[in-house]
Amino acid sequence: MEIFFVWIIIGVVIYLLNQSNEPTREEQIQANKELINKLRLQIQVKDEIPPKDKNLPNEKYIAVKVKGLFGHPEENKTKVFLTIHDNTDISDDEFGAPVLSAHPSFAEPNSRVFSLTTTYDTTPDTYAADFFNLIYIPKEFILTPYKGKRNLKFNFTACDTDAEVTHGGHDDLNKIKYNASAFYQLTTKEIGYLEEFANKSKVEDLTIKLAMTMSAVDGHLDQKELNVIKNWAKSLTLELDSEKAEVKKKHFSKFIKQTYKEAKERKISISKIVREFNENASKGQKYLAIELMLNVASSDDRLAKEEEQFINKIAKTTGINLKTFKDMKNKVVAKVGKVDFSEKPSEDSFGITDEMDKKEKCKVLRKEYTKWNSQTTQRDPKRKKRAKEMVKAIASLRKKYNC
Amino acid sequence: MGKVIGIDLGTTFSAIAELDDLGNPEVLADPETGNRITRSAIYFGRDKVIIGEKAKDAAVTNPKKVVFEVKREMENDVVYSLKSGNFENNDSKIKGYTPSQLSSLIISKLKEFSSKIDKAVVTVPALFSERARTATLDAAKISKLDVELINEPTAAVLHYANLPGNSVSGRVLIFDLGGGTFDITIAHVKGKKVDVITSVGDKELGGQDFDREIIKLISKKYKKSKNSNIDIGDRSLLKVAEKIKKMLSAKDKVSEIVEGPKGPLKIEITKNEFENSIDTYIEKIKMLTEEALDRAECKPSNISQTLLVGGSTRMPIIIDLIKKILKKAPTKGVNVDEAVACGAAIYAGLQNKSSLNSAQKKAISKVELNDVCNHYMGTLIYAKDNERNQLIEVNDIVIPRDTKIPCSITKQYQVLADDQKRIDCSVTQSEGEERDIEFVHVIANEPLELKKGAKQGDPFKVTYSYDKNGNMHCLFEEVKSKRKHELNLKPSTSKDLKELRENLDFEIE
């Protein structure tokens, strides 16, 4: 009898033990969730300084990381895409206007739309257990449609190898096997590309007004200067179809005449057009305007003091990179027969700023010396003369700073 | 067995040296005058030309017929017109002599100091452009000499390293300030092995520039005293200025009588006035010395010795400047006017061992020279300027300056547009690390036709290489089609001898 009870107890214990090893339904669901989560394709976008082995500058990039299952279920290759859309003011499920890339290596073929694509050798169970670095994107490479605080949707898709992306959109959604999105906030002070498009005509007119005002600043507005402005305006019509080009030409013809009259009579408010220009022009348009002003100023083979001062002032207010501006100005300075520098010798011309210490100033001057001295043996007498003047100015600045 | 010689073709003075029977370099004197250096001045007589000091003297009475400073024009497409007495743009309407032709007259004169010359080495400033090097080779060709080129400071350091009982070792700085050019080279010397680290220089900085500053001082003083302008182009003034400059090396003030439109005037120039007048040049020398130290990544204390080359290094202000920058006095011991020619003779022996006797071979058996590329070599490409958001043409460096030669570097670029027909294979040269196309010299530009149907982004490779003789080769290759275009930039004489020698049948004195 006792033995019988012992066997019953053993049986109950075994039953209970068996019962405790079998997962509950909740546990099963949880386990499945964990597995799916582990395998799920995920994308992470954040600011990060790239590791040293990437050989990238030690500054913050937009780091795009991916983990999870992305191997094509049927094929042994998987084509992946990264696209970026501006989802500001729309729901997360939608896709806003695509962002553009400032660099062709991050753009769709024959387009400026941002897109990154690559094809991996995969098996159906290819997955990344941990986040891996897909790409480090320099922030300045991303051109948004509008300026200000933008909510960018980074979309990563794993697709059939014949899948294509055009203007940020997939050609066939059925070719997408896995998909993941993440959001990133980017604040940009620059005019967006859609704004640039909308403001194009206005900015062109403002550029002509700026150039005309600049050319009149030294007291005379000659035909050579006017011709440079006319040719610039003409170049803007070349890419248009004949009908539109004709309309544009008529507009420019009238506008240039009117602006010429206003500039001669000094009726243009410089502060007003500069403010308007800065509010509406993109960075690229600002450089084009500066380039036009420099070309107009140098068309009479002389860069007058007033013209140089005017262009310097505009360049500073536009917020463009002053080193790039200096390089652009140097090109003109090297070619013209006469330059009346606004400050003599011009620290500005050599990129010297008040913030630099003596050692830095001396080093900058030495670099500038190498640049200009190599031009002193130029065959063109004007360039030779200019280069010699610049070298002399550098030497005297070096003396001034007791280098 | 013919001889091997070295020629220092200088702006103001030239010299020729050969290896003696024991393999030591020996400067050859002008058999007529006994001078070991020859004035680089050419006088055009009716049917003969005179080279040297006599030619310089002739400038006082016949200024238009005397040519000075030909070396400064070697990279220019100009001719010297006897009618105007100036170098003018090479235009078929202007009758004149090219810099190559003029230099050939100097080389021919120097050749007369030796005999049975087999091979020669001619020296050029370290920063001489490809065009100027080619013109120098043309000059040698006209003189019927088979030559190679060597950089002047490199030749000088070879000479220093080969001095009997040589005490030159470690990281040395060669300070070469001649009549027309200035070069600084930093090299590592161990025994007779010379490794050049870097060379910097200025093609228009030398004793002649200092002379011109003295002429300006003279002119100013004449004007002040006589209220009349003196002709600063008057060649006789150059002679006076040179004399004053040399005397100011020993004295604090010098007086000279100068002829002018309102009669003679005794003009006094003080050392202080002279030194102030050349302060821009002194600042340039300072900048170049700093640059050389920076490029060699060394401090003044890392320089074991400063070796002087060139006549202008005799000026006290230069010696003081070197002491101030490098914190120690320069090494003295060789004739600064002859070091370059002697080094060139050693290099000539090194490059032409089959022309040497056994003693000469033995003397240079341990000599070894490793040089560097003296310019940045690049190519013109279109690149996106992210700042300006525009596609702009820029210079992209392929071989950085100071790269040890021999070397080979490949860079990959992309075809710009679909159906692009060709690419321009351009080769650029610059002293600085320039991206701006306005500040580089395009030394070659030839097209490479692309295969039909080229796509945007198709890769093409650009490979630049230097062989051990310093000759550069540039290969442009369309990767997909394997189409290639090679540019051989070995400085070579581009014209035939007949063309080069045109109008040049003179007796040389």
# chains A, B, ... in the order shown; residues from 1 in each chain; ligands from 1
>>> select_by_dssp(residues="stretch 161-402 of chain A", states="strand (DSSP E)", output="VMD selection string")
chain A and resid 165 to 166 169 to 170 176 to 188 302 to 303 338 to 339
>>> write_last_selection(atoms="C-alpha atoms", output="PDB file, in the first residue's frame")
ATOM      1  CA  VAL A 165      14.400  53.749 -57.445  1.00  0.00           C
ATOM      2  CA  THR A 166      13.573  56.908 -59.368  1.00  0.00           C
ATOM      3  CA  GLY A 169      10.270  56.142 -55.259  1.00  0.00           C
ATOM      4  CA  HIS A 170      10.361  52.396 -55.980  1.00  0.00           C
ATOM      5  CA  ILE A 176      10.448  45.143 -51.802  1.00  0.00           C
ATOM      6  CA  LYS A 177      11.059  42.232 -49.452  1.00  0.00           C
ATOM      7  CA  TYR A 178      11.908  44.036 -46.240  1.00  0.00           C
ATOM      8  CA  ASN A 179      11.533  47.638 -45.249  1.00  0.00           C
ATOM      9  CA  ALA A 180      12.517  49.816 -42.283  1.00  0.00           C
ATOM     10  CA  SER A 181      12.270  53.530 -41.542  1.00  0.00           C
ATOM     11  CA  ALA A 182      13.649  55.938 -38.973  1.00  0.00           C
ATOM     12  CA  PHE A 183      13.318  59.673 -38.461  1.00  0.00           C
ATOM     13  CA  TYR A 184      15.946  62.348 -38.025  1.00  0.00           C
ATOM     14  CA  GLN A 185      15.525  66.047 -37.284  1.00  0.00           C
ATOM     15  CA  LEU A 186      17.679  68.367 -39.361  1.00  0.00           C
ATOM     16  CA  THR A 187      17.667  72.131 -39.103  1.00  0.00           C
ATOM     17  CA  THR A 188      18.892  73.972 -42.136  1.00  0.00           C
ATOM     18  CA  ARG A 302      40.483  97.466 -63.275  1.00  0.00           C
ATOM     19  CA  LEU A 303      39.114  96.488 -59.882  1.00  0.00           C
ATOM     20  CA  LYS A 338      44.886  97.434 -61.950  1.00  0.00           C
ATOM     21  CA  VAL A 339      43.584  96.814 -58.460  1.00  0.00           C
TER      22      VAL A 339
END
>>> residues_around(residues="B:Lys361", least_positions_apart="4", cutoff="8 Å", atoms="only C-alpha atoms", output="MDAnalysis selection string")
chainID B and resid 23 349 353 356:357 365
>>> interface_residues(of="chain B", to="chain A", cutoff="6 Å", atoms="only C-alpha atoms", output="ChimeraX atom specification")
/B:280,283,287,386,388-389,432
>>> write_last_selection(atoms="N, CA and C atoms", output="tab-separated table (two decimals), in the first residue's frame")
chain	number	residue	atom	x	y	z
B	280	THR	N	62.35	93.47	-48.96
B	280	THR	CA	61.31	92.57	-49.49
B	280	THR	C	61.95	91.24	-49.90
B	283	GLU	N	62.77	89.22	-46.85
B	283	GLU	CA	61.56	88.59	-46.31
B	283	GLU	C	61.21	87.35	-47.13
B	287	MET	N	60.85	83.54	-45.80
B	287	MET	CA	59.66	82.70	-46.01
B	287	MET	C	60.03	81.37	-46.63
B	386	ASN	N	30.72	71.68	-53.27
B	386	ASN	CA	29.56	71.59	-52.38
B	386	ASN	C	29.19	72.94	-51.79
B	388	ARG	N	29.56	75.92	-53.25
B	388	ARG	CA	28.90	76.78	-54.24
B	388	ARG	C	27.77	76.06	-54.95
B	389	ASN	N	27.66	74.74	-54.68
B	389	ASN	CA	26.63	73.92	-55.31
B	389	ASN	C	26.73	74.02	-56.85
B	432	GLY	N	52.64	75.21	-55.38
B	432	GLY	CA	51.83	75.02	-54.17
B	432	GLY	C	50.77	73.95	-54.42
>>> closest_residue(among="B:Leu205, B:Leu173, B:Ile7, B:Ile319", to="B:Glu69", atoms="only C-alpha atoms")
B:Leu205
>>> atom_distance(atom1="atom CA of B:Ser355", atom2="atom CA of B:Glu18")
12.1 Å
>>> closest_residue(among="A:Trp232, A:Phe70, A:Tyr146, A:Phe154", to="A:Glu190", atoms="only C-alpha atoms")
A:Tyr146
>>> closest_residue(among="A:Thr237, A:Ser111, A:Asn133, A:Thr117", to="A:Ile62", atoms="only C-alpha atoms")
A:Asn133
>>> atom_distance(atom1="atom CA of A:Pro50", atom2="atom CA of A:Ala63")
7.8 Å
>>> residues_around(residues="A:Gly351", least_positions_apart="6", cutoff="8 Å", atoms="only C-alpha atoms", output="NGL selection string")
:A and (322-323 or 326 or 364)
>>> select_by_dssp(residues="stretch 31-237 of chain B", states="helix (DSSP H, G or I)", output="ChimeraX atom specification")
/B:53-58,63-65,70-73,99-111,130-142,152-161,207-226,235-237
>>> write_last_selection(atoms="C-alpha atoms", output="CSV table (one decimal), in the first residue's frame")
chain,number,residue,atom,x,y,z
B,53,GLU,CA,83.1,90.1,-69.2
B,54,LYS,CA,84.0,91.8,-72.5
B,55,ALA,CA,80.4,91.5,-73.6
B,56,LYS,CA,79.3,93.1,-70.3
B,57,ASP,CA,81.7,96.0,-70.9
B,58,ALA,CA,80.3,96.4,-74.4
B,63,PRO,CA,73.4,98.3,-74.8
B,64,LYS,CA,70.9,96.8,-77.3
B,65,LYS,CA,73.5,94.4,-78.6
B,70,VAL,CA,68.8,84.8,-70.5
B,71,LYS,CA,68.1,82.2,-67.9
B,72,ARG,CA,65.1,84.2,-66.6
B,73,GLU,CA,63.5,83.9,-70.0
B,99,PRO,CA,66.4,81.9,-75.0
B,100,SER,CA,67.6,78.5,-76.1
B,101,GLN,CA,69.7,79.9,-78.9
B,102,LEU,CA,71.2,82.5,-76.6
B,103,SER,CA,72.0,79.9,-73.9
B,104,SER,CA,73.5,77.7,-76.5
B,105,LEU,CA,76.1,80.5,-77.3
B,106,ILE,CA,77.1,80.5,-73.6
B,107,ILE,CA,77.3,76.6,-73.6
B,108,SER,CA,79.4,76.7,-76.8
B,109,LYS,CA,81.8,79.2,-75.2
B,110,LEU,CA,82.2,77.0,-72.1
B,111,LYS,CA,82.7,73.9,-74.3
B,130,GLU,CA,59.2,71.6,-67.6
B,131,ARG,CA,59.2,74.3,-70.4
B,132,ALA,CA,62.4,75.9,-69.1
B,133,ARG,CA,64.0,72.5,-68.7
B,134,THR,CA,63.1,71.6,-72.3
B,135,ALA,CA,64.5,75.0,-73.5
B,136,THR,CA,67.8,74.2,-71.6
B,137,LEU,CA,68.0,70.8,-73.4
B,138,ASP,CA,67.3,72.6,-76.7
B,139,ALA,CA,70.3,74.9,-75.9
B,140,ALA,CA,72.5,72.0,-75.3
B,141,LYS,CA,71.3,70.3,-78.5
B,142,ILE,CA,72.2,73.4,-80.5
B,152,GLU,CA,71.5,73.1,-58.9
B,153,PRO,CA,71.3,72.6,-55.1
B,154,THR,CA,71.3,68.9,-55.6
B,155,ALA,CA,74.5,69.2,-57.6
B,156,ALA,CA,76.0,71.4,-54.9
B,157,VAL,CA,75.3,68.9,-52.1
B,158,LEU,CA,76.8,66.1,-54.2
B,159,HIS,CA,80.0,68.2,-54.4
B,160,TYR,CA,80.0,68.9,-50.6
B,161,ALA,CA,79.4,65.2,-49.9
B,207,GLY,CA,72.2,89.4,-56.9
B,208,GLN,CA,70.9,91.1,-60.0
B,209,ASP,CA,67.7,92.1,-58.1
B,210,PHE,CA,69.9,93.6,-55.3
B,211,ASP,CA,71.9,95.6,-58.0
B,212,ARG,CA,68.6,97.0,-59.4
B,213,GLU,CA,67.6,98.2,-55.9
B,214,ILE,CA,71.0,100.0,-55.7
B,215,ILE,CA,70.2,101.6,-59.1
B,216,LYS,CA,66.9,102.8,-57.7
B,217,LEU,CA,68.7,104.4,-54.7
B,218,ILE,CA,71.2,106.1,-57.1
B,219,SER,CA,68.3,107.4,-59.2
B,220,LYS,CA,66.5,108.8,-56.2
B,221,LYS,CA,69.7,110.5,-54.9
B,222,TYR,CA,70.5,112.0,-58.3
B,223,LYS,CA,67.0,113.3,-58.7
B,224,LYS,CA,67.1,114.9,-55.2
B,225,SER,CA,70.4,116.6,-55.9
B,226,LYS,CA,70.2,117.5,-59.6
B,235,ARG,CA,73.6,99.4,-68.5
B,236,SER,CA,76.6,101.3,-67.2
B,237,LEU,CA,74.7,101.8,-64.0
>>> residues_around(residues="B:Ala29", least_positions_apart="6", cutoff="10 Å", atoms="only C-alpha atoms", output="PyMOL selection string")
chain B and resi 15-17+35-38+110+113-114
>>> closest_residue(among="B:Val415, B:Val440, B:Met377, B:Val66", to="B:Glu478", atoms="only C-alpha atoms")
B:Val415
>>> residues_around(residues="A:Leu134", least_positions_apart="6", cutoff="9 Å", atoms="only C-alpha atoms", output="NGL selection string")
:A and (63-66)
>>> closest_residue(among="A:Tyr127, A:Val203, A:Glu59, A:Ile229", to="A:Arg40", atoms="only C-alpha atoms")
A:Tyr127
>>> closest_residue(among="A:Thr78, A:Asn155, A:Thr207, A:Asn174", to="A:Glu94", atoms="only C-alpha atoms")
A:Asn155
>>> atom_distance(atom1="atom CA of B:Thr463", atom2="atom CA of B:Thr123")
28.2 Å
>>> residues_around(residues="A:Ser201", least_positions_apart="3", cutoff="12 Å", atoms="only C-alpha atoms", output="JSON list (two decimals) with N, CA and C atoms, in the first residue's frame")
[["chain", "number", "residue", "atom", "x", "y", "z"],
["A", 195, "GLU", "N", 12.12, 75.88, -52.71],
["A", 195, "GLU", "CA", 12.05, 77.34, -52.55],
["A", 195, "GLU", "C", 12.92, 78.02, -53.60],
["A", 196, "GLU", "N", 14.09, 77.41, -53.84],
["A", 196, "GLU", "CA", 15.02, 77.97, -54.83],
["A", 196, "GLU", "C", 14.34, 78.01, -56.20],
["A", 197, "PHE", "N", 13.62, 76.94, -56.49],
["A", 197, "PHE", "CA", 12.93, 76.86, -57.78],
["A", 197, "PHE", "C", 11.84, 77.94, -57.87],
["A", 198, "ALA", "N", 11.11, 78.05, -56.78],
["A", 198, "ALA", "CA", 10.01, 79.03, -56.76],
["A", 198, "ALA", "C", 10.54, 80.47, -56.84],
["A", 204, "GLU", "N", 17.10, 85.95, -59.85],
["A", 204, "GLU", "CA", 17.83, 86.38, -61.05],
["A", 204, "GLU", "C", 17.75, 87.90, -61.20],
["A", 205, "ASP", "N", 16.55, 88.43, -61.02],
["A", 205, "ASP", "CA", 16.37, 89.89, -61.13],
["A", 205, "ASP", "C", 17.18, 90.61, -60.05],
["A", 206, "LEU", "N", 17.14, 90.05, -58.84],
["A", 206, "LEU", "CA", 17.89, 90.69, -57.75],
["A", 206, "LEU", "C", 19.40, 90.66, -58.03],
["A", 207, "THR", "N", 19.85, 89.56, -58.64],
["A", 207, "THR", "CA", 21.27, 89.44, -58.98],
["A", 207, "THR", "C", 21.66, 90.52, -59.98],
["A", 208, "ILE", "N", 20.81, 90.74, -60.97],
["A", 208, "ILE", "CA", 21.08, 91.78, -61.97],
["A", 208, "ILE", "C", 21.12, 93.15, -61.28],
["A", 233, "ALA", "N", 22.61, 87.35, -68.29],
["A", 233, "ALA", "CA", 21.16, 87.17, -68.40],
["A", 233, "ALA", "C", 20.84, 86.27, -69.59],
["A", 236, "LEU", "N", 21.10, 82.61, -69.03],
["A", 236, "LEU", "CA", 20.01, 81.99, -68.27],
["A", 236, "LEU", "C", 18.88, 81.50, -69.18],
["A", 237, "THR", "N", 18.85, 82.00, -70.40],
["A", 237, "THR", "CA", 17.77, 81.60, -71.31],
["A", 237, "THR", "C", 18.16, 80.40, -72.17],
["A", 248, "LYS", "N", 11.49, 85.20, -71.57],
["A", 248, "LYS", "CA", 12.52, 85.57, -70.59],
["A", 248, "LYS", "C", 13.42, 86.68, -71.16],
["A", 251, "HIS", "N", 11.75, 89.93, -70.98],
["A", 251, "HIS", "CA", 11.72, 90.41, -69.60],
["A", 251, "HIS", "C", 13.07, 91.03, -69.22],
["A", 252, "PHE", "N", 14.14, 90.27, -69.52],
["A", 252, "PHE", "CA", 15.47, 90.76, -69.15],
["A", 252, "PHE", "C", 15.80, 92.07, -69.87],
["A", 255, "PHE", "N", 13.94, 94.72, -68.10],
["A", 255, "PHE", "CA", 14.39, 94.85, -66.71],
["A", 255, "PHE", "C", 15.79, 95.48, -66.63],
["A", 277, "PHE", "N", 17.59, 89.76, -51.35],
["A", 277, "PHE", "CA", 18.42, 88.75, -52.00],
["A", 277, "PHE", "C", 18.79, 87.65, -50.99],
["A", 280, "ASN", "N", 15.98, 85.25, -50.15],
["A", 280, "ASN", "CA", 15.44, 84.40, -51.22],
["A", 280, "ASN", "C", 16.44, 83.53, -51.95],
["A", 281, "ALA", "N", 17.70, 83.88, -51.88],
["A", 281, "ALA", "CA", 18.70, 83.16, -52.68],
["A", 281, "ALA", "C", 19.29, 81.98, -51.92],
["A", 285, "GLN", "N", 23.13, 80.23, -55.51],
["A", 285, "GLN", "CA", 22.75, 81.47, -56.20],
["A", 285, "GLN", "C", 23.57, 82.65, -55.68]]
